[in-house]
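Coordinates from work08.txt are shown below (compact mmCIF, N, CA and C atoms).
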```
# COMPACT_ATOMS: atom_id res chain seq x y z
N VAL A 1 -15.71 -6.00 22.91
CA VAL A 1 -16.08 -4.67 22.46
C VAL A 1 -16.75 -3.94 23.62
N HIS A 2 -16.28 -2.74 23.88
CA HIS A 2 -16.86 -1.91 24.92
C HIS A 2 -17.45 -0.67 24.29
N GLU A 3 -18.66 -0.35 24.66
CA GLU A 3 -19.32 0.85 24.16
C GLU A 3 -19.83 1.64 25.35
N ALA A 4 -19.73 2.96 25.22
CA ALA A 4 -20.23 3.83 26.28
C ALA A 4 -21.73 4.02 26.11
N MET A 5 -22.47 3.89 27.21
CA MET A 5 -23.92 4.10 27.19
C MET A 5 -24.27 5.11 28.28
N PHE A 6 -25.16 6.03 27.95
CA PHE A 6 -25.59 7.05 28.90
C PHE A 6 -26.69 6.49 29.80
N ILE A 7 -26.47 6.57 31.12
CA ILE A 7 -27.49 6.21 32.11
C ILE A 7 -27.62 7.43 33.02
N CYS A 8 -28.74 8.11 32.89
CA CYS A 8 -28.94 9.40 33.57
C CYS A 8 -28.61 9.35 35.06
N THR A 9 -29.09 8.33 35.75
CA THR A 9 -28.90 8.23 37.19
C THR A 9 -27.43 8.31 37.58
N PHE A 10 -26.56 7.81 36.70
CA PHE A 10 -25.14 7.79 37.02
C PHE A 10 -24.38 8.99 36.46
N ALA A 11 -25.08 9.92 35.84
CA ALA A 11 -24.43 11.08 35.23
C ALA A 11 -24.02 12.12 36.28
N ASN A 12 -24.65 12.08 37.44
CA ASN A 12 -24.27 13.02 38.48
C ASN A 12 -24.40 12.38 39.86
N ASP A 13 -23.72 12.95 40.80
CA ASP A 13 -23.75 12.49 42.19
C ASP A 13 -25.13 12.81 42.76
N GLN A 14 -25.90 11.78 43.06
CA GLN A 14 -27.27 11.96 43.54
C GLN A 14 -27.33 12.60 44.93
N TRP A 15 -26.20 12.63 45.64
CA TRP A 15 -26.18 13.19 47.00
C TRP A 15 -25.66 14.61 47.03
N HIS A 16 -24.94 15.00 45.99
CA HIS A 16 -24.44 16.37 45.88
C HIS A 16 -24.60 16.80 44.42
N VAL A 17 -25.77 17.31 44.12
CA VAL A 17 -26.09 17.63 42.73
C VAL A 17 -25.39 18.92 42.32
N ASP A 18 -24.53 18.82 41.32
CA ASP A 18 -23.86 19.97 40.74
C ASP A 18 -24.16 19.94 39.25
N LEU A 19 -25.04 20.81 38.80
CA LEU A 19 -25.48 20.78 37.42
C LEU A 19 -24.62 21.64 36.50
N GLY A 20 -23.53 22.19 37.02
CA GLY A 20 -22.64 23.00 36.19
C GLY A 20 -23.16 24.43 36.04
N LYS A 21 -22.28 25.30 35.58
CA LYS A 21 -22.65 26.70 35.42
C LYS A 21 -23.52 26.91 34.18
N THR A 22 -23.21 26.16 33.12
CA THR A 22 -23.99 26.22 31.89
C THR A 22 -24.42 24.80 31.53
N LEU A 23 -25.35 24.69 30.61
CA LEU A 23 -25.84 23.36 30.24
C LEU A 23 -24.74 22.48 29.67
N ASP A 24 -23.82 23.08 28.90
CA ASP A 24 -22.76 22.25 28.32
C ASP A 24 -21.69 21.85 29.33
N THR A 25 -21.78 22.34 30.56
CA THR A 25 -20.90 21.86 31.62
C THR A 25 -21.66 20.99 32.61
N SER A 26 -22.92 20.73 32.34
CA SER A 26 -23.71 19.86 33.22
C SER A 26 -23.27 18.42 33.05
N PRO A 27 -23.36 17.62 34.10
CA PRO A 27 -22.96 16.21 33.98
C PRO A 27 -23.80 15.47 32.95
N PHE A 28 -25.04 15.87 32.75
CA PHE A 28 -25.89 15.22 31.75
C PHE A 28 -25.30 15.41 30.36
N TYR A 29 -24.94 16.65 30.04
CA TYR A 29 -24.40 16.96 28.71
C TYR A 29 -23.05 16.27 28.50
N ILE A 30 -22.20 16.32 29.50
CA ILE A 30 -20.87 15.72 29.39
C ILE A 30 -20.99 14.21 29.19
N ALA A 31 -21.83 13.57 29.99
CA ALA A 31 -22.00 12.11 29.86
C ALA A 31 -22.61 11.75 28.51
N LEU A 32 -23.61 12.50 28.08
CA LEU A 32 -24.22 12.25 26.77
C LEU A 32 -23.22 12.43 25.64
N SER A 33 -22.35 13.42 25.77
CA SER A 33 -21.36 13.68 24.72
C SER A 33 -20.42 12.50 24.53
N GLY A 34 -20.12 11.80 25.61
CA GLY A 34 -19.21 10.66 25.53
C GLY A 34 -19.89 9.34 25.22
N ALA A 35 -21.20 9.32 25.26
CA ALA A 35 -21.92 8.07 25.02
C ALA A 35 -22.07 7.79 23.53
N GLU A 36 -22.06 6.52 23.19
CA GLU A 36 -22.32 6.12 21.82
C GLU A 36 -23.81 5.78 21.63
N HIS A 37 -24.42 5.31 22.70
CA HIS A 37 -25.83 4.91 22.67
C HIS A 37 -26.56 5.55 23.84
N VAL A 38 -27.83 5.86 23.64
CA VAL A 38 -28.68 6.36 24.71
C VAL A 38 -29.91 5.48 24.76
N LEU A 39 -30.23 5.02 25.95
CA LEU A 39 -31.42 4.22 26.16
C LEU A 39 -32.38 5.05 27.00
N LEU A 40 -33.53 5.38 26.42
CA LEU A 40 -34.57 6.11 27.12
C LEU A 40 -35.58 5.08 27.61
N MET A 41 -35.74 5.00 28.91
CA MET A 41 -36.68 4.05 29.49
C MET A 41 -37.92 4.81 29.93
N LEU A 42 -39.05 4.45 29.34
CA LEU A 42 -40.31 5.12 29.63
C LEU A 42 -41.31 4.17 30.24
N ASP A 43 -42.14 4.71 31.14
CA ASP A 43 -43.28 3.94 31.60
C ASP A 43 -44.35 4.02 30.52
N LYS A 44 -45.47 3.35 30.72
CA LYS A 44 -46.46 3.31 29.63
C LYS A 44 -47.12 4.65 29.34
N THR A 45 -46.97 5.62 30.26
CA THR A 45 -47.53 6.95 30.01
C THR A 45 -46.47 7.94 29.52
N GLY A 46 -45.21 7.50 29.47
CA GLY A 46 -44.14 8.40 29.03
C GLY A 46 -43.92 9.56 29.97
N SER A 47 -44.17 9.37 31.26
CA SER A 47 -44.14 10.48 32.22
C SER A 47 -42.79 11.19 32.30
N ALA A 48 -41.69 10.49 32.01
CA ALA A 48 -40.37 11.14 32.05
C ALA A 48 -40.30 12.33 31.10
N LEU A 49 -41.05 12.29 30.01
CA LEU A 49 -41.02 13.37 29.03
C LEU A 49 -41.75 14.62 29.51
N GLY A 50 -42.30 14.56 30.70
CA GLY A 50 -42.90 15.73 31.33
C GLY A 50 -41.90 16.48 32.19
N ARG A 51 -40.66 15.97 32.27
CA ARG A 51 -39.60 16.61 33.05
C ARG A 51 -38.60 17.26 32.10
N ILE A 52 -38.30 18.52 32.33
CA ILE A 52 -37.49 19.31 31.40
C ILE A 52 -36.08 18.75 31.23
N TRP A 53 -35.48 18.21 32.29
CA TRP A 53 -34.13 17.65 32.14
C TRP A 53 -34.16 16.42 31.22
N CYS A 54 -35.21 15.62 31.29
CA CYS A 54 -35.33 14.47 30.39
C CYS A 54 -35.50 14.93 28.94
N VAL A 55 -36.27 15.99 28.76
CA VAL A 55 -36.45 16.55 27.42
C VAL A 55 -35.11 17.10 26.91
N PHE A 56 -34.35 17.75 27.80
CA PHE A 56 -33.02 18.26 27.43
C PHE A 56 -32.11 17.11 26.99
N GLU A 57 -32.13 16.02 27.74
CA GLU A 57 -31.31 14.86 27.38
C GLU A 57 -31.73 14.29 26.04
N LEU A 58 -33.03 14.21 25.79
CA LEU A 58 -33.52 13.71 24.51
C LEU A 58 -33.12 14.66 23.38
N HIS A 59 -33.29 15.95 23.59
CA HIS A 59 -32.91 16.95 22.60
C HIS A 59 -31.41 16.86 22.28
N THR A 60 -30.59 16.75 23.32
CA THR A 60 -29.14 16.63 23.14
C THR A 60 -28.80 15.36 22.37
N THR A 61 -29.46 14.27 22.71
CA THR A 61 -29.23 12.99 22.02
C THR A 61 -29.52 13.13 20.54
N LEU A 62 -30.64 13.73 20.21
CA LEU A 62 -31.02 13.89 18.80
C LEU A 62 -30.11 14.88 18.08
N THR A 63 -29.77 15.99 18.75
CA THR A 63 -28.90 17.00 18.15
C THR A 63 -27.52 16.43 17.86
N LYS A 64 -27.01 15.61 18.78
CA LYS A 64 -25.67 15.03 18.61
C LYS A 64 -25.71 13.74 17.78
N LYS A 65 -26.91 13.41 17.30
CA LYS A 65 -27.08 12.23 16.43
C LYS A 65 -26.56 10.95 17.09
N LYS A 66 -26.88 10.79 18.38
CA LYS A 66 -26.52 9.57 19.10
C LYS A 66 -27.52 8.46 18.75
N ASN A 67 -27.08 7.23 18.88
CA ASN A 67 -27.99 6.10 18.70
C ASN A 67 -28.97 6.09 19.86
N LEU A 68 -30.25 6.17 19.57
CA LEU A 68 -31.29 6.24 20.59
C LEU A 68 -32.16 4.99 20.51
N GLU A 69 -32.33 4.35 21.65
CA GLU A 69 -33.27 3.25 21.77
C GLU A 69 -34.24 3.61 22.87
N ILE A 70 -35.50 3.25 22.68
CA ILE A 70 -36.53 3.57 23.67
C ILE A 70 -37.15 2.28 24.15
N ALA A 71 -37.05 2.05 25.46
CA ALA A 71 -37.61 0.86 26.08
C ALA A 71 -38.88 1.23 26.83
N THR A 72 -39.88 0.37 26.74
CA THR A 72 -41.14 0.57 27.45
C THR A 72 -41.50 -0.74 28.15
N PRO A 73 -42.48 -0.73 29.03
CA PRO A 73 -42.90 -1.98 29.66
C PRO A 73 -43.43 -3.01 28.63
N LEU A 74 -43.82 -2.52 27.46
CA LEU A 74 -44.36 -3.41 26.43
C LEU A 74 -43.28 -3.92 25.47
N GLY A 75 -42.07 -3.36 25.56
CA GLY A 75 -40.98 -3.76 24.68
C GLY A 75 -40.24 -2.57 24.14
N MET A 76 -39.39 -2.83 23.17
CA MET A 76 -38.58 -1.78 22.57
C MET A 76 -39.37 -1.10 21.44
N MET A 77 -39.27 0.23 21.39
CA MET A 77 -39.90 0.95 20.29
C MET A 77 -39.29 0.45 18.99
N GLY A 78 -40.11 0.29 18.00
CA GLY A 78 -39.65 -0.23 16.72
C GLY A 78 -39.93 -1.72 16.57
N ASP A 79 -40.16 -2.40 17.69
CA ASP A 79 -40.51 -3.82 17.61
C ASP A 79 -41.92 -3.96 17.04
N LYS A 80 -42.18 -5.09 16.47
CA LYS A 80 -43.50 -5.38 15.91
C LYS A 80 -44.57 -5.20 16.99
N GLY A 81 -45.63 -4.54 16.65
CA GLY A 81 -46.73 -4.32 17.58
C GLY A 81 -46.61 -3.05 18.41
N MET A 82 -45.50 -2.34 18.30
CA MET A 82 -45.30 -1.13 19.11
C MET A 82 -45.77 0.13 18.38
N GLN A 83 -46.19 0.03 17.12
CA GLN A 83 -46.54 1.21 16.34
C GLN A 83 -47.77 1.94 16.86
N SER A 84 -48.66 1.26 17.55
CA SER A 84 -49.91 1.91 17.95
C SER A 84 -50.17 1.83 19.45
N CYS A 85 -49.13 1.70 20.24
CA CYS A 85 -49.33 1.64 21.69
C CYS A 85 -49.40 3.04 22.29
N GLN A 86 -49.78 3.12 23.56
CA GLN A 86 -49.95 4.39 24.25
C GLN A 86 -48.65 5.21 24.27
N VAL A 87 -47.52 4.56 24.48
CA VAL A 87 -46.25 5.29 24.54
C VAL A 87 -45.94 5.93 23.19
N THR A 88 -46.27 5.26 22.10
CA THR A 88 -46.05 5.82 20.77
C THR A 88 -46.83 7.12 20.62
N GLU A 89 -48.07 7.12 21.08
CA GLU A 89 -48.88 8.33 20.99
C GLU A 89 -48.31 9.44 21.87
N VAL A 90 -47.80 9.09 23.06
CA VAL A 90 -47.18 10.08 23.94
C VAL A 90 -45.96 10.69 23.25
N LEU A 91 -45.13 9.86 22.63
CA LEU A 91 -43.94 10.37 21.94
C LEU A 91 -44.31 11.32 20.82
N LYS A 92 -45.38 11.04 20.12
CA LYS A 92 -45.81 11.90 19.02
C LYS A 92 -46.30 13.26 19.52
N SER A 93 -46.75 13.31 20.76
CA SER A 93 -47.37 14.55 21.25
C SER A 93 -46.55 15.28 22.32
N VAL A 94 -45.25 14.96 22.44
CA VAL A 94 -44.43 15.65 23.43
C VAL A 94 -44.45 17.15 23.14
N ASP A 95 -44.73 17.94 24.17
CA ASP A 95 -44.76 19.39 24.05
C ASP A 95 -43.78 19.95 25.08
N VAL A 96 -42.62 20.36 24.63
CA VAL A 96 -41.58 20.84 25.53
C VAL A 96 -42.08 21.99 26.40
N ARG A 97 -43.03 22.76 25.90
CA ARG A 97 -43.56 23.90 26.69
C ARG A 97 -44.26 23.43 27.95
N GLN A 98 -44.69 22.18 27.97
CA GLN A 98 -45.39 21.64 29.14
C GLN A 98 -44.47 20.95 30.12
N ALA A 99 -43.21 20.70 29.72
CA ALA A 99 -42.27 20.01 30.60
C ALA A 99 -41.94 20.88 31.80
N GLN A 100 -41.79 20.24 32.95
CA GLN A 100 -41.61 20.95 34.21
C GLN A 100 -40.20 20.76 34.77
N ALA A 101 -39.79 21.71 35.61
CA ALA A 101 -38.52 21.63 36.34
C ALA A 101 -38.78 22.08 37.76
N THR A 102 -38.03 21.51 38.68
CA THR A 102 -38.13 21.95 40.08
C THR A 102 -37.60 23.37 40.21
N ASN A 103 -36.54 23.67 39.46
CA ASN A 103 -35.89 24.97 39.53
C ASN A 103 -36.26 25.79 38.29
N PRO A 104 -36.91 26.96 38.48
CA PRO A 104 -37.30 27.78 37.32
C PRO A 104 -36.11 28.26 36.48
N VAL A 105 -34.93 28.38 37.08
CA VAL A 105 -33.75 28.78 36.32
C VAL A 105 -33.37 27.67 35.34
N ASP A 106 -33.40 26.41 35.80
CA ASP A 106 -33.14 25.28 34.91
C ASP A 106 -34.14 25.29 33.76
N GLN A 107 -35.39 25.51 34.11
CA GLN A 107 -36.47 25.54 33.11
C GLN A 107 -36.15 26.57 32.01
N ARG A 108 -35.80 27.79 32.43
CA ARG A 108 -35.52 28.87 31.49
C ARG A 108 -34.29 28.54 30.63
N GLN A 109 -33.21 28.07 31.27
CA GLN A 109 -31.99 27.75 30.52
C GLN A 109 -32.26 26.67 29.47
N ILE A 110 -32.95 25.63 29.84
CA ILE A 110 -33.21 24.52 28.91
C ILE A 110 -34.14 24.97 27.80
N MET A 111 -35.18 25.71 28.13
CA MET A 111 -36.08 26.20 27.09
C MET A 111 -35.32 27.11 26.11
N ASN A 112 -34.46 27.98 26.63
CA ASN A 112 -33.65 28.84 25.77
C ASN A 112 -32.76 28.00 24.87
N ASN A 113 -32.11 26.99 25.44
CA ASN A 113 -31.22 26.13 24.68
C ASN A 113 -31.96 25.44 23.53
N ILE A 114 -33.10 24.87 23.83
CA ILE A 114 -33.88 24.17 22.81
C ILE A 114 -34.37 25.15 21.74
N ALA A 115 -34.69 26.37 22.15
CA ALA A 115 -35.15 27.38 21.19
C ALA A 115 -34.00 27.97 20.37
N GLY A 116 -32.76 27.66 20.75
CA GLY A 116 -31.62 28.14 20.00
C GLY A 116 -31.20 29.56 20.34
N VAL A 117 -31.59 30.03 21.54
CA VAL A 117 -31.16 31.35 21.97
C VAL A 117 -30.18 31.21 23.14
N ASN A 118 -29.52 32.30 23.49
CA ASN A 118 -28.57 32.28 24.61
C ASN A 118 -29.27 31.71 25.83
N GLU A 119 -28.70 30.67 26.41
CA GLU A 119 -29.37 30.00 27.53
C GLU A 119 -29.53 30.89 28.76
N GLU A 120 -28.75 31.97 28.84
CA GLU A 120 -28.85 32.84 30.01
C GLU A 120 -29.77 34.04 29.79
N GLU A 121 -30.42 34.10 28.64
CA GLU A 121 -31.36 35.18 28.37
C GLU A 121 -32.50 35.13 29.40
N GLY A 122 -32.79 36.28 30.00
CA GLY A 122 -33.84 36.36 31.00
C GLY A 122 -33.37 35.99 32.40
N LEU A 123 -32.05 35.73 32.56
CA LEU A 123 -31.52 35.38 33.87
C LEU A 123 -30.57 36.45 34.36
N GLY A 124 -30.54 36.64 35.67
CA GLY A 124 -29.58 37.53 36.29
C GLY A 124 -28.60 36.72 37.11
N LEU A 125 -27.53 37.35 37.56
CA LEU A 125 -26.52 36.67 38.37
C LEU A 125 -26.42 37.39 39.71
N VAL A 126 -26.47 36.63 40.80
CA VAL A 126 -26.30 37.21 42.13
C VAL A 126 -24.86 37.70 42.23
N PRO A 127 -24.65 38.98 42.58
CA PRO A 127 -23.28 39.50 42.69
C PRO A 127 -22.43 38.63 43.62
N ASP A 128 -21.15 38.47 43.26
CA ASP A 128 -20.19 37.68 44.04
C ASP A 128 -20.63 36.22 44.21
N SER A 129 -21.30 35.71 43.21
CA SER A 129 -21.81 34.34 43.29
C SER A 129 -21.98 33.79 41.88
N ASN A 130 -22.12 32.50 41.78
CA ASN A 130 -22.44 31.88 40.50
C ASN A 130 -23.92 31.54 40.41
N LYS A 131 -24.69 31.95 41.42
CA LYS A 131 -26.11 31.62 41.45
C LYS A 131 -26.89 32.50 40.49
N LYS A 132 -27.77 31.86 39.74
CA LYS A 132 -28.59 32.58 38.76
C LYS A 132 -30.02 32.67 39.28
N TYR A 133 -30.74 33.66 38.77
CA TYR A 133 -32.13 33.85 39.13
C TYR A 133 -32.89 34.39 37.93
N LEU A 134 -34.19 34.22 37.93
CA LEU A 134 -35.03 34.80 36.89
C LEU A 134 -35.12 36.31 37.12
N THR A 135 -34.98 37.09 36.07
CA THR A 135 -35.14 38.53 36.21
C THR A 135 -36.62 38.83 36.47
N ASN A 136 -36.91 40.03 36.97
CA ASN A 136 -38.30 40.40 37.23
C ASN A 136 -39.13 40.33 35.96
N GLU A 137 -38.54 40.74 34.84
CA GLU A 137 -39.24 40.68 33.55
C GLU A 137 -39.59 39.23 33.20
N GLU A 138 -38.66 38.33 33.43
CA GLU A 138 -38.87 36.92 33.13
C GLU A 138 -39.93 36.33 34.07
N LYS A 139 -39.89 36.72 35.34
CA LYS A 139 -40.88 36.24 36.29
C LYS A 139 -42.28 36.67 35.85
N SER A 140 -42.40 37.92 35.41
CA SER A 140 -43.69 38.43 34.95
C SER A 140 -44.21 37.66 33.75
N SER A 141 -43.31 37.36 32.80
CA SER A 141 -43.76 36.64 31.59
C SER A 141 -44.09 35.19 31.90
N ASP A 142 -43.52 34.63 32.98
CA ASP A 142 -43.82 33.26 33.37
C ASP A 142 -44.95 33.21 34.40
N GLY A 143 -45.47 34.37 34.78
CA GLY A 143 -46.55 34.42 35.75
C GLY A 143 -46.10 34.07 37.16
N GLN A 144 -44.87 34.42 37.54
CA GLN A 144 -44.33 34.06 38.85
C GLN A 144 -44.06 35.24 39.75
N LYS A 145 -44.83 36.25 39.71
CA LYS A 145 -44.57 37.46 40.51
C LYS A 145 -44.37 37.17 41.96
```
Could you express the structure from this file as structure tokens?
Amino acid sequence: VHEAMFICTFANDQWHVDLGKTLDTSPFYIALSGAEHVLLMLDKTGSALGRIWCVFELHTTLTKKKNLEIATPLGMMGDKGMQSCQVTEVLKSVDVRQAQATNPVDQRQIMNNIAGVNEEEGLGLVPDSNKKYLTNEEKSSDGQK
């Protein structure tokens, strides 16, 4: 029996990152769509959940009703004794508004997607290019003048 499993590191070329024009063309979304199971590996502080792309992957996993397993240094979530560990508390308190991205455009697109609005809202397009940028209005609301 062969089952497809999503492993983020292998979802895109680490040497030439191409995240696609839209989120549903990103390698993360495409790989997740084909996976039957998703394994989220967290350290004891759950630091991956502070990164917006990881939150996007988790959101996509839950939205697509994929089988999700969460591994921690202490064991698998759901195992006996895992109900009151530090990672459990981190999972209960994930705040997508606090998740960070290196690229503010990625941040805006993912936040829009999770909020259920057009992912390109608040973004402009560089003429004769596929490159996106935050509009001045969006920069002001994000405090990035």
| said: Could you check the closest approach to Glu69 of chain A for each of A:Leu39, A:Met111, A:Ala99, A:Leu23 and tell me which residue wins, using only N, CA and C atoms? | reply: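 Checking each candidate against Glu69 of chain A, we get A:Leu39 as the closest.
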| said: What's the separation between atom C of Met41 of chain A and atom N of Pro73 of chain A, in Å to one decimal place? | reply: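 Atom-to-atom, atom C of Met41 of chain A and atom N of Pro73 of chain A are spaced 7.2 Å apart.
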| field | atom N of Pro104 of chain A to atom C of Lys21 of chain A, straight-line distance in Å | value | 14.1 Å
| Which residue, A:Ala101, A:Leu68, A:Val96, A:Leu91, has the smallest gap to His37 of chain A when you use only N, CA and C atoms? |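 Of A:Ala101, A:Leu68, A:Val96, A:Leu91, the one nearest His37 of chain A, counting only N, CA and C atoms, is A:Leu68.
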| message | Could you list, as JSON, numbers by chain, every residue within 6.5 Å of Lys44 of chain A, counting only N, CA and C atoms and ignoring same-chain residues fewer than 4 positions away? | response | {"A": [72, 73, 86, 87]}
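The two atoms in question, atom N of Ile52 of chain A and atom N of Cys85 of chain A, are spaced 23.4 Å apart.
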| request: Counting all atoms listed in the file, figure out which residue out of A:Ala71, A:Glu119, A:Asn113, A:Thr22 gets nearest to Leu40 of chain A. | output: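 With all atoms listed in the file as the atom set, the closest residue is A:Ala71.
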| note | Among A:Thr63, A:Val117, A:Leu74, A:Gly50, Val94 of chain A is approached most closely, using only N, CA and C atoms, by A:Gly50
| field | Backbone DSSP call of helix (DSSP H, G or I) for segment 89-122 of chain A, listed as a list in words | value |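 Matching residues for helix (DSSP H, G or I) in segment 89-122 of chain A are Glu89, Val90, Leu91, Lys92, Val96, Arg97, Gln98, Pro104, Val105, Asp106, Gln107, Arg108, Gln109, Ile110, Met111, Asn112, Asn113, Ile114 and Ala115 of chain A.
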